[in-house]
$ cat coords02.cif   # mmCIF, C-alpha atoms (C1' of nucleotides)
data_input
loop_
_atom_site.label_atom_id
_atom_site.label_comp_id
_atom_site.auth_asym_id
_atom_site.auth_seq_id
_atom_site.Cartn_x
_atom_site.Cartn_y
_atom_site.Cartn_z
CA MET A 153 5.71 31.92 13.21
CA PRO A 154 5.34 28.64 11.34
CA LYS A 155 2.04 27.69 9.73
CA ILE A 156 2.17 24.26 11.34
CA LYS A 157 1.03 25.09 14.83
CA PRO A 158 2.78 23.12 17.50
CA GLY A 159 0.76 22.31 20.62
CA LYS A 160 1.88 23.33 24.06
CA ASN A 161 4.24 20.42 24.50
CA ALA A 162 4.28 19.05 20.96
CA SER A 163 6.89 20.04 18.43
CA LYS A 164 5.97 20.57 14.82
CA LYS A 165 7.35 17.17 14.01
CA ASP A 166 5.11 15.66 16.68
CA VAL A 167 2.09 17.16 14.95
CA ILE A 168 3.15 15.60 11.67
CA VAL A 169 3.76 12.21 13.27
CA LYS A 170 0.39 12.26 14.99
CA ASN A 171 -1.43 12.98 11.75
CA ALA A 172 0.65 10.38 9.97
CA ALA A 173 -0.45 7.79 12.52
CA PHE A 174 -4.07 8.61 11.80
CA LEU A 175 -3.53 8.41 8.05
CA PHE A 176 -1.47 5.22 8.15
CA LYS A 177 -4.12 3.59 10.30
CA THR A 178 -6.99 4.71 8.09
CA LYS A 179 -5.57 4.01 4.65
CA GLY A 180 -2.56 1.82 5.33
CA TYR A 181 1.03 2.97 5.01
CA SER A 182 1.37 2.32 1.29
CA SER A 183 -1.92 3.91 0.34
CA ALA A 184 -1.38 7.00 2.43
CA SER A 185 0.40 9.66 0.42
CA MET A 186 2.59 12.49 1.57
CA ARG A 187 0.29 14.87 -0.28
CA GLU A 188 -2.62 13.68 1.81
CA LEU A 189 -0.61 14.02 4.97
CA ALA A 190 0.38 17.53 3.95
CA GLU A 191 -3.23 18.46 3.37
CA VAL A 192 -4.26 17.20 6.79
CA VAL A 193 -1.40 19.12 8.36
CA GLY A 194 -2.31 22.20 6.34
CA VAL A 195 0.76 22.61 4.19
CA GLU A 196 2.18 21.63 0.79
CA ALA A 197 3.85 18.26 0.58
CA PRO A 198 7.45 19.39 0.11
CA SER A 199 7.21 21.55 3.23
CA LEU A 200 6.96 18.42 5.33
CA TYR A 201 10.57 17.70 4.48
CA ASN A 202 11.65 20.68 6.54
CA TYR A 203 10.79 18.56 9.57
CA ILE A 204 11.16 14.95 8.54
CA GLY A 205 13.62 12.99 6.46
CA SER A 206 11.26 10.65 4.67
CA LYS A 207 7.90 8.93 4.77
CA SER A 208 9.60 5.84 6.08
CA GLU A 209 11.00 7.81 9.00
CA LEU A 210 7.47 8.61 10.11
CA LEU A 211 6.61 4.93 10.30
CA GLN A 212 9.77 4.27 12.27
CA ALA A 213 8.94 7.01 14.76
CA ILE A 214 5.47 5.61 15.37
CA CYS A 215 6.47 1.97 15.67
CA PHE A 216 9.39 2.49 18.00
CA LYS A 217 7.58 4.97 20.20
CA VAL A 218 4.86 2.41 20.84
CA ALA A 219 7.35 -0.40 21.36
CA GLY A 220 9.21 1.74 23.89
CA VAL A 221 6.12 2.50 25.93
CA PHE A 222 5.20 -1.16 26.28
CA THR A 223 8.75 -2.15 27.12
CA ASN A 224 8.98 0.54 29.78
CA TYR A 225 5.77 -0.59 31.40
CA LEU A 226 6.97 -4.16 31.50
CA ASP A 227 10.14 -2.94 33.22
CA SER A 228 8.08 -1.26 35.92
CA ILE A 229 5.92 -4.34 36.42
CA GLU A 230 8.93 -6.59 36.85
CA ALA A 231 10.46 -4.13 39.29
CA ALA A 232 7.31 -4.03 41.41
CA ALA A 233 6.12 -6.60 43.92
CA GLY A 234 3.11 -8.79 43.22
CA ASN A 235 2.26 -12.35 42.29
CA HIS A 236 2.18 -13.47 38.68
CA ILE A 237 -1.56 -13.25 38.31
CA GLN A 238 -1.46 -9.63 39.40
CA SER A 239 1.40 -8.88 37.04
CA LEU A 240 -0.43 -10.41 34.13
CA GLU A 241 -3.64 -8.62 34.99
CA ASN A 242 -1.83 -5.29 35.16
CA ILE A 243 -0.21 -5.90 31.81
CA ILE A 244 -3.53 -6.81 30.24
CA ARG A 245 -5.14 -3.68 31.64
CA PHE A 246 -2.28 -1.56 30.38
CA HIS A 247 -2.66 -2.99 26.89
CA ILE A 248 -6.37 -2.27 26.92
CA ARG A 249 -5.85 1.33 27.99
CA MET A 250 -3.13 1.89 25.45
CA MET A 251 -5.45 0.55 22.79
CA LEU A 252 -8.25 2.87 23.85
CA ASN A 253 -6.15 5.99 24.44
CA ASN A 254 -3.49 5.74 21.73
CA PHE A 255 -5.41 3.87 19.13
CA ASN A 256 -3.83 5.27 15.97
CA GLU A 257 -0.24 4.73 17.02
CA VAL A 258 -0.80 1.29 18.49
CA TYR A 259 -2.75 0.21 15.43
CA VAL A 260 0.03 1.31 13.11
CA ALA A 261 2.66 -0.44 15.21
CA ASN A 262 0.55 -3.60 15.14
CA HIS A 263 -0.30 -3.61 11.45
CA GLU A 264 2.05 -1.51 9.38
CA TRP A 265 5.42 -2.52 10.82
CA LYS A 266 5.99 -4.78 7.85
CA HIS A 267 6.67 -1.70 5.72
CA LEU A 268 9.63 -0.73 7.88
CA LYS A 269 12.94 -0.82 6.08
CA GLU A 270 16.03 -2.60 7.28
CA PRO A 271 17.60 -2.44 9.75
CA TYR A 272 14.53 -1.03 11.50
CA LEU A 273 12.39 -3.97 10.52
CA SER A 274 14.71 -6.47 12.17
CA ASN A 275 15.09 -4.21 15.17
CA PHE A 276 11.38 -3.94 15.65
CA LEU A 277 10.72 -7.65 15.30
CA ASN A 278 13.53 -8.39 17.69
CA GLN A 279 12.11 -6.02 20.26
CA ARG A 280 8.72 -7.66 19.94
CA ARG A 281 10.20 -11.11 20.25
CA ILE A 282 11.94 -10.13 23.47
CA TYR A 283 8.73 -8.63 24.83
CA GLU A 284 6.85 -11.84 24.15
CA LYS A 285 9.62 -13.86 25.75
CA ARG A 286 9.34 -11.83 28.93
CA LEU A 287 5.59 -12.46 29.06
CA ILE A 288 6.21 -16.15 28.56
CA ASP A 289 8.62 -16.09 31.48
CA ILE A 290 5.99 -14.54 33.72
CA ILE A 291 3.52 -17.28 32.85
CA GLU A 292 6.11 -20.02 33.26
CA GLN A 293 6.92 -18.76 36.73
CA GLY A 294 3.22 -18.57 37.51
CA ILE A 295 2.88 -22.21 36.54
CA LEU A 296 5.69 -23.11 38.94
CA THR A 297 3.98 -21.26 41.78
CA ASN A 298 0.74 -23.06 40.91
CA GLU A 299 -1.04 -19.85 39.93
CA PHE A 300 -1.60 -20.90 36.33
CA LYS A 301 -2.62 -24.14 34.67
CA ASN A 302 0.17 -26.12 33.12
CA LYS A 303 -0.57 -25.21 29.51
CA ASN A 304 1.88 -24.20 26.84
CA PRO A 305 2.89 -20.67 27.84
CA TYR A 306 3.58 -19.53 24.31
CA VAL A 307 0.04 -20.40 23.32
CA SER A 308 -1.21 -18.45 26.33
CA VAL A 309 0.78 -15.37 25.43
CA LEU A 310 -0.27 -15.62 21.81
CA THR A 311 -3.90 -15.89 22.84
CA ILE A 312 -3.74 -12.96 25.22
CA LEU A 313 -1.79 -10.59 22.97
CA SER A 314 -3.99 -11.41 20.00
CA ALA A 315 -7.18 -10.86 21.93
CA LEU A 316 -5.86 -7.50 23.11
CA ARG A 317 -4.87 -6.45 19.63
CA GLY A 318 -8.39 -7.19 18.54
CA LEU A 319 -9.59 -4.22 20.54
CA GLU A 320 -9.14 -2.25 17.35
CA PHE A 321 -12.63 -3.45 16.46
CA TRP A 322 -13.86 -2.00 19.68
CA GLN A 323 -13.65 1.56 18.42
CA GLN A 324 -17.00 1.42 16.65
CA HIS A 325 -18.86 0.01 19.63
CA LYS A 326 -17.62 2.35 22.31
CA LYS A 327 -21.04 3.78 22.96
CA ASN A 328 -22.85 0.60 23.90
CA ILE A 329 -20.54 -0.65 26.65
CA SER A 330 -18.45 1.32 29.11
CA SER A 331 -14.73 0.85 28.83
CA ARG A 332 -14.78 -0.28 32.46
CA VAL A 333 -17.03 -3.23 31.65
CA LEU A 334 -14.91 -3.99 28.63
CA GLU A 335 -11.73 -4.01 30.65
CA ASP A 336 -13.10 -6.09 33.50
CA ASP A 337 -14.88 -8.63 31.32
CA MET A 338 -11.90 -9.04 29.05
CA VAL A 339 -9.46 -9.51 31.92
CA ASN A 340 -11.81 -12.02 33.48
CA HIS A 341 -12.24 -13.90 30.23
CA LEU A 342 -8.52 -14.13 29.53
CA LEU A 343 -7.68 -15.19 33.08
CA ASN A 344 -10.68 -17.31 34.07
CA GLY A 345 -12.50 -18.26 30.86
CA ILE A 346 -16.17 -17.96 30.11
CA THR A 347 -17.53 -21.37 31.16
CA LYS A 348 -19.10 -21.73 34.60
CA MET B 142 -1.87 -25.01 -24.22
CA PRO B 143 -1.62 -22.02 -21.92
CA LYS B 144 1.60 -21.20 -20.11
CA ILE B 145 -0.27 -20.75 -16.84
CA LYS B 146 -0.68 -24.35 -15.82
CA PRO B 147 -3.97 -25.05 -14.14
CA GLY B 148 -3.96 -27.78 -11.50
CA LYS B 149 -6.19 -30.79 -11.70
CA ASN B 150 -9.18 -29.01 -10.25
CA ALA B 151 -7.96 -25.44 -10.40
CA SER B 152 -8.71 -23.14 -13.30
CA LYS B 153 -6.09 -20.72 -14.53
CA LYS B 154 -7.88 -17.95 -12.69
CA ASP B 155 -7.64 -19.99 -9.48
CA VAL B 156 -3.88 -20.14 -9.86
CA ILE B 157 -3.72 -16.38 -10.22
CA VAL B 158 -5.97 -15.83 -7.20
CA LYS B 159 -3.89 -18.18 -5.06
CA ASN B 160 -0.69 -16.39 -5.92
CA ALA B 161 -2.38 -13.06 -5.38
CA ALA B 162 -3.37 -14.15 -1.89
CA PHE B 163 0.24 -14.96 -1.11
CA LEU B 164 1.45 -11.63 -2.46
CA PHE B 165 -1.27 -9.56 -0.80
CA LYS B 166 -0.48 -11.23 2.51
CA THR B 167 3.25 -10.77 2.17
CA LYS B 168 3.42 -7.20 0.89
CA GLY B 169 -0.04 -5.84 1.51
CA TYR B 170 -2.59 -5.16 -1.20
CA SER B 171 -1.37 -1.69 -2.09
CA SER B 172 2.28 -2.59 -2.19
CA ALA B 173 1.78 -5.70 -4.28
CA SER B 174 1.97 -4.89 -7.97
CA MET B 175 0.43 -6.65 -10.90
CA ARG B 176 3.89 -6.93 -12.41
CA GLU B 177 5.07 -8.82 -9.32
CA LEU B 178 2.04 -11.06 -9.45
CA ALA B 179 2.69 -11.72 -13.12
CA GLU B 180 6.27 -12.70 -12.36
CA VAL B 181 5.20 -15.16 -9.67
CA VAL B 182 2.65 -16.63 -12.04
CA GLY B 183 5.25 -16.77 -14.81
CA VAL B 184 3.76 -14.40 -17.33
CA GLU B 185 3.83 -10.76 -18.37
CA ALA B 186 1.51 -8.41 -16.50
CA PRO B 187 -0.96 -7.67 -19.31
CA SER B 188 -1.53 -11.38 -19.84
CA LEU B 189 -3.21 -11.57 -16.46
CA TYR B 190 -6.05 -9.55 -17.89
CA ASN B 191 -7.01 -12.45 -20.11
CA TYR B 192 -8.29 -14.09 -16.93
CA ILE B 193 -9.23 -11.32 -14.52
CA GLY B 194 -10.92 -7.97 -14.79
CA SER B 195 -8.81 -5.97 -12.39
CA LYS B 196 -6.53 -6.10 -9.38
CA SER B 197 -9.45 -5.16 -7.19
CA GLU B 198 -11.40 -8.16 -8.44
CA LEU B 199 -8.68 -10.43 -7.05
CA LEU B 200 -9.12 -8.97 -3.59
CA GLN B 201 -12.87 -9.41 -3.85
CA ALA B 202 -12.51 -13.04 -4.86
CA ILE B 203 -10.28 -13.79 -1.88
CA CYS B 204 -12.31 -11.93 0.73
CA PHE B 205 -15.69 -13.30 -0.26
CA LYS B 206 -14.45 -16.85 -0.68
CA VAL B 207 -13.20 -16.83 2.91
CA ALA B 208 -16.33 -15.16 4.22
CA GLY B 209 -18.46 -17.77 2.48
CA VAL B 210 -16.57 -20.69 4.00
CA PHE B 211 -17.01 -19.39 7.53
CA THR B 212 -20.67 -18.61 6.98
CA ASN B 213 -21.32 -22.07 5.59
CA TYR B 214 -19.68 -23.72 8.57
CA LEU B 215 -21.75 -21.66 10.97
CA ASP B 216 -24.87 -22.77 9.10
CA SER B 217 -23.90 -26.41 9.60
CA ILE B 218 -23.21 -25.86 13.30
CA GLU B 219 -26.56 -24.24 13.88
CA ALA B 220 -28.30 -27.05 12.00
CA ALA B 221 -26.58 -29.71 14.12
CA ALA B 222 -27.49 -30.78 17.64
CA GLY B 223 -25.27 -29.96 20.60
CA ASN B 224 -25.12 -27.63 23.57
CA HIS B 225 -23.71 -24.14 23.26
CA ILE B 226 -20.32 -25.00 24.69
CA GLN B 227 -19.88 -27.70 22.07
CA SER B 228 -20.99 -25.35 19.31
CA LEU B 229 -18.53 -22.70 20.41
CA GLU B 230 -15.71 -25.20 20.74
CA ASN B 231 -16.37 -26.53 17.24
CA ILE B 232 -16.37 -23.03 15.83
CA ILE B 233 -13.11 -22.21 17.56
CA ARG B 234 -11.51 -25.38 16.24
CA PHE B 235 -12.73 -24.62 12.74
CA HIS B 236 -11.21 -21.14 12.89
CA ILE B 237 -7.89 -22.56 14.03
CA ARG B 238 -7.80 -25.11 11.24
CA MET B 239 -8.77 -22.54 8.64
CA MET B 240 -5.95 -20.34 9.90
CA LEU B 241 -3.43 -23.15 9.66
CA ASN B 242 -4.58 -24.61 6.33
CA ASN B 243 -5.64 -21.53 4.38
CA PHE B 244 -3.36 -18.98 5.89
CA ASN B 245 -2.84 -16.65 2.94
CA GLU B 246 -6.49 -16.26 2.07
CA VAL B 247 -7.68 -15.89 5.65
CA TYR B 248 -4.95 -13.38 6.39
CA VAL B 249 -5.91 -11.26 3.40
CA ALA B 250 -9.59 -11.38 4.32
CA ASN B 251 -8.69 -10.32 7.86
CA HIS B 252 -6.29 -7.52 7.01
CA GLU B 253 -6.73 -6.24 3.48
CA TRP B 254 -10.50 -5.99 3.23
CA LYS B 255 -10.27 -2.25 3.78
CA HIS B 256 -9.01 -1.87 0.23
CA LEU B 257 -12.19 -3.33 -1.19
CA LYS B 258 -14.18 -0.90 -3.30
CA GLU B 259 -17.83 -0.15 -2.87
CA PRO B 260 -20.25 -1.84 -2.88
CA TYR B 261 -18.05 -4.80 -1.99
CA LEU B 262 -16.64 -3.11 1.07
CA SER B 263 -20.07 -2.55 2.60
CA ASN B 264 -21.12 -6.04 1.61
CA PHE B 265 -18.13 -7.60 3.28
CA LEU B 266 -18.46 -5.62 6.48
CA ASN B 267 -22.14 -6.43 6.63
CA GLN B 268 -21.44 -10.12 6.23
CA ARG B 269 -18.91 -9.97 9.02
CA ARG B 270 -21.28 -8.07 11.26
CA ILE B 271 -23.94 -10.72 10.76
CA TYR B 272 -21.43 -13.47 11.51
CA GLU B 273 -20.45 -11.81 14.77
CA LYS B 274 -24.09 -11.33 15.68
CA ARG B 275 -24.74 -15.04 15.25
CA LEU B 276 -21.83 -15.86 17.56
CA ILE B 277 -23.16 -13.40 20.11
CA ASP B 278 -26.52 -15.15 19.95
CA ILE B 279 -24.91 -18.50 20.69
CA ILE B 280 -23.20 -17.09 23.75
CA GLU B 281 -26.35 -15.31 24.93
CA GLN B 282 -28.27 -18.56 24.71
CA GLY B 283 -25.47 -20.32 26.55
CA ILE B 284 -25.77 -17.79 29.34
CA LEU B 285 -29.49 -18.50 29.61
CA THR B 286 -28.84 -22.25 29.88
CA ASN B 287 -26.23 -21.53 32.54
CA GLU B 288 -23.35 -22.83 30.41
CA PHE B 289 -21.52 -19.52 30.29
CA LYS B 290 -20.82 -16.83 32.83
CA ASN B 291 -23.02 -13.76 32.61
CA LYS B 292 -20.48 -11.49 30.97
CA ASN B 293 -21.01 -9.12 28.09
CA PRO B 294 -21.33 -11.46 25.10
CA TYR B 295 -19.94 -8.97 22.63
CA VAL B 296 -16.75 -8.70 24.63
CA SER B 297 -16.54 -12.50 24.67
CA VAL B 298 -16.93 -12.76 20.92
CA LEU B 299 -14.45 -9.97 20.36
CA THR B 300 -11.95 -11.68 22.62
CA ILE B 301 -12.35 -15.07 20.97
CA LEU B 302 -12.28 -13.88 17.36
CA SER B 303 -9.30 -11.66 18.01
CA ALA B 304 -7.36 -14.39 19.71
CA LEU B 305 -8.05 -16.67 16.76
CA ARG B 306 -7.00 -14.07 14.25
CA GLY B 307 -3.74 -13.78 16.11
CA LEU B 308 -2.82 -17.24 14.91
CA GLU B 309 -1.17 -15.51 12.02
CA PHE B 310 1.84 -15.17 14.30
CA TRP B 311 1.79 -18.88 14.79
CA GLN B 312 3.19 -19.55 11.35
CA GLN B 313 6.79 -18.99 12.40
CA HIS B 314 6.59 -21.23 15.44
CA LYS B 315 4.95 -24.25 13.88
CA LYS B 316 7.93 -26.45 14.53
CA ASN B 317 8.15 -26.14 18.29
CA ILE B 318 4.60 -27.12 19.20
CA SER B 319 2.26 -29.52 17.46
CA SER B 320 -0.88 -28.03 16.03
CA ARG B 321 -2.83 -30.44 18.20
CA VAL B 322 -1.41 -28.94 21.39
CA LEU B 323 -2.00 -25.48 19.99
CA GLU B 324 -5.61 -26.23 19.23
CA ASP B 325 -6.36 -27.91 22.55
CA ASP B 326 -4.59 -25.35 24.70
CA MET B 327 -6.16 -22.45 22.88
CA VAL B 328 -9.67 -23.88 23.11
CA ASN B 329 -9.12 -24.54 26.79
CA HIS B 330 -7.79 -21.05 27.40
CA LEU B 331 -10.64 -19.32 25.61
CA LEU B 332 -13.30 -21.45 27.33
CA ASN B 333 -11.83 -22.03 30.79
CA GLY B 334 -9.10 -19.46 31.31
CA ILE B 335 -5.59 -20.02 32.53
CA THR B 336 -5.90 -19.56 36.28
CA LYS B 337 -6.27 -22.62 38.47
"C1'" DT C 826 14.66 48.86 10.25
"C1'" DT C 827 17.81 45.33 9.08
"C1'" DC C 828 19.20 40.79 8.41
"C1'" DA C 829 19.70 35.98 8.70
"C1'" DA C 830 17.48 31.82 9.40
"C1'" DA C 831 13.37 29.15 9.32
"C1'" DA C 832 9.65 27.65 6.71
"C1'" DA C 833 6.78 28.01 3.23
"C1'" DC C 834 6.08 27.83 -1.85
"C1'" DT C 835 6.27 26.29 -7.17
"C1'" DA C 836 8.16 23.40 -10.51
"C1'" DA C 837 10.03 19.41 -11.81
"C1'" DT C 838 12.14 14.70 -11.82
"C1'" DA C 839 12.42 9.84 -12.19
"C1'" DA C 840 10.15 5.88 -11.10
"C1'" DG C 841 6.32 2.93 -10.62
"C1'" DC C 842 1.46 2.02 -11.02
"C1'" DG C 843 -2.90 -0.40 -13.28
"C1'" DT C 844 -4.47 -0.94 -17.49
"C1'" DT C 845 -5.34 -0.75 -22.78
"C1'" DA C 846 -4.28 -1.38 -27.66
"C1'" DG C 847 -2.50 -3.84 -31.08
"C1'" DT C 848 0.15 -7.75 -32.61
"C1'" DT C 849 2.26 -12.22 -32.59
"C1'" DT C 850 2.58 -16.82 -31.00
"C1'" DT C 851 0.59 -21.06 -29.67
"C1'" DG C 852 -2.58 -24.90 -29.47
"C1'" DT C 853 -6.44 -27.54 -31.26
"C1'" DA C 854 -9.81 -29.19 -34.18
"C1'" DA C 855 -11.49 -29.72 -38.97
"C1'" DT D 107 -2.43 -28.44 -43.80
"C1'" DT D 108 -5.58 -24.86 -42.80
"C1'" DA D 109 -8.02 -21.89 -39.91
"C1'" DC D 110 -9.72 -20.10 -35.80
"C1'" DA D 111 -9.47 -18.85 -31.09
"C1'" DA D 112 -7.02 -18.65 -26.90
"C1'" DA D 113 -3.22 -16.73 -24.77
"C1'" DA D 114 0.85 -14.77 -24.85
"C1'" DC D 115 3.70 -10.70 -26.11
"C1'" DT D 116 5.54 -5.49 -26.72
"C1'" DA D 117 4.67 -0.80 -26.39
"C1'" DA D 118 2.58 2.72 -24.45
"C1'" DC D 119 -0.81 5.75 -21.98
"C1'" DG D 120 -2.18 8.56 -18.26
"C1'" DC D 121 -1.71 8.98 -13.61
"C1'" DT D 122 0.34 9.01 -8.99
"C1'" DT D 123 4.20 8.61 -6.14
"C1'" DA D 124 8.13 10.31 -2.92
"C1'" DT D 125 11.37 13.43 -3.19
"C1'" DT D 126 14.68 17.33 -4.78
"C1'" DA D 127 15.99 21.95 -6.40
"C1'" DG D 128 15.47 26.51 -6.34
"C1'" DT D 129 12.97 30.53 -4.84
"C1'" DT D 130 10.10 33.42 -2.11
"C1'" DT D 131 7.84 34.53 2.13
"C1'" DT D 132 7.67 34.78 7.00
"C1'" DT D 133 9.59 35.27 11.44
"C1'" DG D 134 12.09 37.00 15.50
"C1'" DA D 135 15.99 39.13 17.30
"C1'" DA D 136 19.53 42.88 17.03
#
$ encode --input "coords02.cif" --output "structure tokens"
Amino acid sequence: MPKIKPGKNASKKDVIVKNAAFLFKTKGYSSASMRELAEVVGVEAPSLYNYIGSKSELLQAICFKVAGVFTNYLDSIEAAAGNHIQSLENIIRFHIRMMLNNFNEVYVANHEWKHLKEPYLSNFLNQRRIYEKRLIDIIEQGILTNEFKNKNPYVSVLTILSALRGLEFWQQHKKNISSRVLEDDMVNHLLNGITK
Amino acid sequence: MPKIKPGKNASKKDVIVKNAAFLFKTKGYSSASMRELAEVVGVEAPSLYNYIGSKSELLQAICFKVAGVFTNYLDSIEAAAGNHIQSLENIIRFHIRMMLNNFNEVYVANHEWKHLKEPYLSNFLNQRRIYEKRLIDIIEQGILTNEFKNKNPYVSVLTILSALRGLEFWQQHKKNISSRVLEDDMVNHLLNGITK
DNA sequence: TTCAAAAACTAATAAGCGTTAGTTTTGTAA
DNA sequence: TTACAAAACTAACGCTTATTAGTTTTTGAA
């Protein structure tokens, strides 16, 4: 029986990755040490290498897992019926929930990707570029169907994605506002603005 | 005559800080080494210590300079006349311009502050908290005067500030869209939404 | 109980870090 | 030209880093 206790459906490597996500988020990838990670996991540092290849591999696992989840959701949205406003709203809500429920991993993917090594760095950036392009397409189509104002769609996507990423600051304020109000108000703001 | 050439109005220390901002942005505070900084500045690493006290001091200088600029602008806005929509629009435009014209410093203040040491860390976070509170007050007053929808003002501020911070991704796309279009479309989106 | 594999450990390596000490070079003013 | 201070240098310290090597312990099945 290993000392690193795997959960019911989580392998030992999964446990390490999960703790790494927390550490990378809290201290940043470069400042987080393998010795610290080992301590959190409850083991000596060299023992980690029975499960992983390198520190860098941990960052890769986190970043690409998150990227995959978002890409998969976008696939399902494009496969489903619905007008472009509904699609965009669903995507926004999915981002918000991912931020609230998988904070550590999403944060790391958003902020620490720059420490990825090649060719993973290029891969990751490419995947993100494609994702943004698909969102731009949705907005462009929505402009054609007269659902959206005729504004630069890249600016719109940038604004929306950035606002969503900012939910990382939400973590400290959870108590004061329900996540339902947060989600609804944020969707409404990004779609309809705040002026009367 | 020192080898580190000061500009017309920039002291030698200013030159070091400016290059540090670029490095901290590019590689992250922890990954950026004093030896790298020295190379960019054109000097050996120990020579830097004729001008600065420590690496940490560089981060402090950058973070608090940026914080001061934003606080000063908010002071001037609150001192000036104008309804709350105009105030908010001016603030948004100021953020956008700061992002475009002082990218390195603003980026570092936004992303690397967590590596500040106490008591500077607490100071910085406190200053940011106060800044956010003042923005919330503007929106709350605008709700009372019927300028803004009655949505949670913290969520609004979070959404706006996050969207603005996201302009860091703008840097690569400068060529395709003029910064005037960017500014106008973004202000319009954040105030009035994108739906028709 | 035996045995092989998995998983933990200790010890150590080479590299890089911020920073200090001590010394030499450079620039300027008398 | 001399002399002083500013600013550069080289060398090194003490520490931390990710990672490897080699060894011992633990585990689960035969």
$ closest_atom_pairs --input "coords02.cif" --of "region 181-283 of chain A" --to "region 832-846 of chain C" --cutoff "9 Å" --atoms "all atoms listed in the file" --output "CSV"
residue,atom,partner,partner_atom,distance
A:Val195,CA,C:DA833,C1',8.1
A:Glu196,CA,C:DC834,C1',7.8
A:Pro198,CA,C:DC834,C1',8.8
A:Ser199,CA,C:DA833,C1',6.5
A:Asn202,CA,C:DA832,C1',7.3
$ interface_residues --input "coords02.cif" --of "chain D" --to "chain B" --cutoff "10 Å" --atoms "all atoms listed in the file" --output "mmCIF file with C-alpha atoms (C1' of nucleotides), in the coordinates of the input"
data_model
loop_
_atom_site.group_PDB
_atom_site.id
_atom_site.type_symbol
_atom_site.label_atom_id
_atom_site.label_comp_id
_atom_site.auth_asym_id
_atom_site.auth_seq_id
_atom_site.Cartn_x
_atom_site.Cartn_y
_atom_site.Cartn_z
ATOM 1 C "C1'" DA D 112 -7.020 -18.650 -26.900
ATOM 2 C "C1'" DA D 113 -3.220 -16.730 -24.770
ATOM 3 C "C1'" DA D 114 0.850 -14.770 -24.850
ATOM 4 C "C1'" DC D 115 3.700 -10.700 -26.110
#
$ residues_around --input "coords02.cif" --residues "Thr311 (chain A)" --least-positions-apart "2" --cutoff "9 Å" --atoms "all atoms listed in the file" --output "list in words"
Tyr306, Val307, Ser308, Val309, Leu313, Ser314, Ala315, Leu316 and Leu342 of chain A; Ile301, Ser303, Ala304, Leu305, Gly307, Leu308, Met327, His330 and Leu331 of chain B
$ interface_residues --input "coords02.cif" --of "chain A" --to "chain B" --cutoff "9 Å" --atoms "all atoms listed in the file" --output "PyMOL selection string"
chain A and resi 178-183+237+263+266-267+298-304+307-308+310-319+321-322+329+333-334+337-338+340-348
$ closest_residue --input "coords02.cif" --among "B:Cys204, B:Ala220, B:Ile193, B:Ile279" --to "chain C" --atoms "only C-alpha atoms (C1' of nucleotides)"
B:Ile193
$ atom_distance --input "coords02.cif" --atom1 "CA of Phe211 (chain B)" --atom2 "CA of Phe235 (chain B)"
8.5 Å
$ atom_distance --input "coords02.cif" --atom1 "CA of Phe174 (chain A)" --atom2 "CA of Glu188 (chain A)"
11.3 Å
$ resolve_selection --input "coords02.cif" --expression "the PyMOL selection byres ((chain C and resi 854) around 10)" --output "MDAnalysis selection string"
(chainID C and resid 852:853 855) or (chainID D and resid 109:110)
$ build_atoms --input "coords02.cif" --residues "region 223-232 of chain B" --atoms "N, CA and C atoms" --output "PDB file, in the coordinates of the input"
ATOM      1  N   GLY B 223     -26.413 -30.237  19.744  1.00  0.00           N
ATOM      2  CA  GLY B 223     -25.270 -29.960  20.600  1.00  0.00           C
ATOM      3  C   GLY B 223     -25.523 -28.773  21.495  1.00  0.00           C
ATOM      4  N   ASN B 224     -24.938 -28.776  22.682  1.00  0.00           N
ATOM      5  CA  ASN B 224     -25.120 -27.630  23.570  1.00  0.00           C
ATOM      6  C   ASN B 224     -24.246 -26.472  23.093  1.00  0.00           C
ATOM      7  N   HIS B 225     -24.361 -25.350  23.778  1.00  0.00           N
ATOM      8  CA  HIS B 225     -23.710 -24.140  23.260  1.00  0.00           C
ATOM      9  C   HIS B 225     -22.197 -24.184  23.457  1.00  0.00           C
ATOM     10  N   ILE B 226     -21.761 -24.858  24.500  1.00  0.00           N
ATOM     11  CA  ILE B 226     -20.320 -25.000  24.690  1.00  0.00           C
ATOM     12  C   ILE B 226     -19.712 -25.800  23.542  1.00  0.00           C
ATOM     13  N   GLN B 227     -20.383 -26.885  23.186  1.00  0.00           N
ATOM     14  CA  GLN B 227     -19.880 -27.700  22.070  1.00  0.00           C
ATOM     15  C   GLN B 227     -19.875 -26.915  20.760  1.00  0.00           C
ATOM     16  N   SER B 228     -20.940 -26.161  20.538  1.00  0.00           N
ATOM     17  CA  SER B 228     -20.990 -25.350  19.310  1.00  0.00           C
ATOM     18  C   SER B 228     -19.815 -24.388  19.271  1.00  0.00           C
ATOM     19  N   LEU B 229     -19.606 -23.689  20.383  1.00  0.00           N
ATOM     20  CA  LEU B 229     -18.530 -22.700  20.410  1.00  0.00           C
ATOM     21  C   LEU B 229     -17.173 -23.364  20.234  1.00  0.00           C
ATOM     22  N   GLU B 230     -16.988 -24.499  20.883  1.00  0.00           N
ATOM     23  CA  GLU B 230     -15.710 -25.200  20.740  1.00  0.00           C
ATOM     24  C   GLU B 230     -15.485 -25.622  19.285  1.00  0.00           C
ATOM     25  N   ASN B 231     -16.516 -26.129  18.643  1.00  0.00           N
ATOM     26  CA  ASN B 231     -16.370 -26.530  17.240  1.00  0.00           C
ATOM     27  C   ASN B 231     -16.012 -25.337  16.356  1.00  0.00           C
ATOM     28  N   ILE B 232     -16.654 -24.230  16.625  1.00  0.00           N
ATOM     29  CA  ILE B 232     -16.370 -23.030  15.830  1.00  0.00           C
ATOM     30  C   ILE B 232     -14.926 -22.586  16.031  1.00  0.00           C
TER      31      ILE B 232
END
